[in-house]
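Asks: Questions regarding the structure given below will be posed in turn.
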Amino acid sequence: MTEKLRSTFIKPSPYFNLIIFLLVITMFACQSKDKSSSSTTKQAELTLPPANDDYFQEIIKSSGINFTHTIGDDHLSNLVESVGGGAAFLDYDQDGYLDLYLSNGNFTEGLSLNNEDHPPVKTSENRLFRNLGNGTFEDVTKKARVGDRGYGMGITVGDFDNDGYPDIYVSNYGVNVLYHNNGNGKFSDVTKKAGVGGNECSVGAVWLDYDNDGFLDLYVGNYIEFDPKYNYYYAPDGFPGPMAYDGQPDILYHNQGDGTFKDVTMEMGIFNKDGRAMGVGAADYDNDGFTDIFVSNDHMVNYLYHNEQGEKFVDRGIMSGVAFNQVGESTISMSVDFADYNNDGLIDLFVSDDVYCSLYKNEGGGVFSEMSYNAGIAVACGQFVGWASSFLDYDNDGDLDLFKVNGELKHLYGQEDQLFENNGEGKFIDVSIERGSYFKEELVGRGACFGDYDNDGDIDAYIVNLNGPGSLLRNNKGNQNNWISLLLIGDESNRDGVGARVTVVSGDIKQFTQKKSSSGYLSQNDPRLHFGLGNNEMVDSIEVIWPSGKAQVLENIKAGQFITIKESEIVHP
């Protein structure tokens, strides 16, 4: 009997393994279902607060955006850590709602403190949050495969291969990363194949089609040659400043159209061996049909590279009047944003810094006038250190206002952010305190992106705070005025329509803008072009001049819509 039982145990029924396998699968499925159900339930439990009386209402705790930026250290110990992270609004899955991608710091050998008193902090990663269309987000980082664990700085988004899905470029301290959007909710790291990794301290970057060949090129702004052994500095500063280190040259990559890029920095005349780039922006400031490049440099002159018909670049920063601030000083320049703030048909620019900031009014003929004091900005900015700054029409009245993110330079000390309202007469008024209790909070702001994330017709904001949780500001009142939003799709031009010039006329309001990629500091705004229309219920005309040179006119459009404009349609000579 004993022998028979032993034999039965050693030689089980042929169905035994199948039964065990099915049991394991069932248990796993139940566990997965439980996890999925738990995740769904948790997401369903999120309830956005009702709108209060604030223009901008902080709703981050109810949004599902569970993200805390880290410097990768237990305290701020060097200049690179102080640079901060970026944010980008993008519609990665093309469902019509803005998703959110965020860069993060990380413990890094040779950068972060690493001794018994300062052990490594927990490993972190960049994060992607999918917009669920109900005002909340879900974390899809792992599923989308975009959780880079380098020391993240800036983000720029562009469809570099014109396949209809936005790709993501991340600037790092170290090797940068290019994520190709596969169109199925997942991304692939194509950095090595594309040849755009570098190995510098990259901060800002921007997509542009500098030669109008229909493919987006890439400009990467590099910062300093960081030396962790250098420790000569003024003690209250906490650590050495940017001039203690050699600068690094920026890089211009030309898109070859086959998924690869070529470094054309030298041959395009854009090489500067000792730059210290922070913010980088691109726009056609003289309306000659070719996109120019502006670089905000830290503690040195800024660059304005004029595009010579796609054949080369010439630095006209000094001769144009944008290399220095209003008193002829080179400042700690951070952010740059291009826009026509006075509706005269010429692209102006704003540069944030550690003092009075610079508002450069485009006078035409390639010359700018610095207007920050005359416009009422300088005095209000003087007590803050400005980082991300963007033009936006927060109240949809038909002229562009200015949102400025602030935070201390070398310490984790908070400062209040600022909102400047355009009075339509060339002046800006600081209305921060009147527009929400958020503007009383002291945070260590860095990057920020702006866009209509809930598709209700007004501009919202996400702000990255150094070594802390971010802020999501919902605009509660902007849509009390009318608006229209345009999504450009290029055909002969690059598919994003980057570089397109757009004029919108509605009643007595005439507005001009250009399609850009990166905006402000380390970040990227809503890819759609948003126009406030005041009380006007109709748009008389929309004119689009594409990078290809084609012109397009739409007429008599009802306000309050998201409009898609394709280059291949309704073309007029």
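The way I read the labels, and the way they are meant: chains A, B, ... in the order of the structure tokens, residue 1 as the first residue of every chain, and ligand 1 as the first ligand shown, with later ones counted on from there.
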Hey, what's within 10 Å of segment 533-545 of chain A if we count only C-alpha atoms and toss same-chain stuff fewer than 2 positions away? As a ChimeraX atom specification, please?

Replies: /A:289,393,395-399,478-484,486,488,497,499-514,530-531,547-560,565-567,571-572

Asks: Compile the contact shell of Tyr234 of chain A as a ChimeraX atom specification: residues with an atom at most 12 Å away, counting only C-alpha atoms, same-chain residues fewer than 4 positions apart removed.

Replies: /A:238-241,244,410

Asks: Quick one: contact table of segment 317-418 of chain A to segment 266-284 of chain A, 7 Å max, nearest atom pair and distance in Å to one decimal per residue, counting only C-alpha atoms, chain and number order, as a Markdown table?

Replies:
```
| residue | atom | partner | partner_atom | distance |
| --- | --- | --- | --- | --- |
| A:Met334 | CA | A:Gly279 | CA | 5.3 |
| A:Ser335 | CA | A:Gly279 | CA | 4.8 |
| A:Val336 | CA | A:Gly279 | CA | 5.9 |
| A:Asp337 | CA | A:Gly281 | CA | 6.6 |
| A:Phe338 | CA | A:Ala283 | CA | 6.8 |
```

Asks: Dump N, CA and C atoms for the selected residues as a CSV table (one decimal), in the first residue's frame?

Replies:
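Final output, part.csv:
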```csv
chain,number,residue,atom,x,y,z
A,334,MET,N,16.9,83.6,-17.7
A,334,MET,CA,16.3,82.3,-17.5
A,334,MET,C,15.4,82.0,-18.7
A,335,SER,N,14.2,82.5,-18.7
A,335,SER,CA,13.1,82.2,-19.6
A,335,SER,C,13.1,83.1,-20.8
A,336,VAL,N,12.6,82.6,-21.9
A,336,VAL,CA,12.3,83.5,-23.1
A,336,VAL,C,11.0,83.0,-23.7
A,337,ASP,N,10.2,84.0,-24.1
A,337,ASP,CA,8.9,83.7,-24.8
A,337,ASP,C,8.7,84.8,-25.8
A,338,PHE,N,8.3,84.4,-27.0
A,338,PHE,CA,8.0,85.3,-28.1
A,338,PHE,C,6.5,85.4,-28.2
```

Asks: For Asp452 of chain A, please output as a list in words all residues within 9 Å (counting only C-alpha atoms; exclusion window: fewer than 3 positions along the same chain).

Replies: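 Result of the neighbour search: Tyr97, Leu98, Asn455, Asp456, Gly457, Asp458, Ile459, Asp460, Ala461, Arg474, Asn475, Asp526, Arg528 and His530 of chain A.
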
Asks: Mind running segment 149-216 of chain A against segment 102-107 of chain A at 9 Å and telling me each contacting residue's nearest atom pair with the distance in Å (one decimal), counting only C-alpha atoms, chain and number ascending, as a Markdown table?

Replies:
```
| residue | atom | partner | partner_atom | distance |
| --- | --- | --- | --- | --- |
| A:Arg149 | CA | A:Asn106 | CA | 6.7 |
| A:Gly150 | CA | A:Asn106 | CA | 6.5 |
| A:Tyr151 | CA | A:Gly105 | CA | 4.6 |
| A:Gly152 | CA | A:Asn104 | CA | 4.9 |
| A:Met153 | CA | A:Ser103 | CA | 6.2 |
| A:Gly154 | CA | A:Ser103 | CA | 6.9 |
| A:Ile155 | CA | A:Ser103 | CA | 7.1 |
| A:Val170 | CA | A:Ser103 | CA | 7.6 |
| A:Ser171 | CA | A:Ser103 | CA | 8.9 |
| A:Asn172 | CA | A:Gly105 | CA | 8.9 |
```

Asks: Please determine, counting only C-alpha atoms, which residue among A:Thr265, A:Asn406, A:Ser202, A:Gln326 has the shortest atom-to-atom distance to Phe313 of chain A.

Replies: A:Thr265
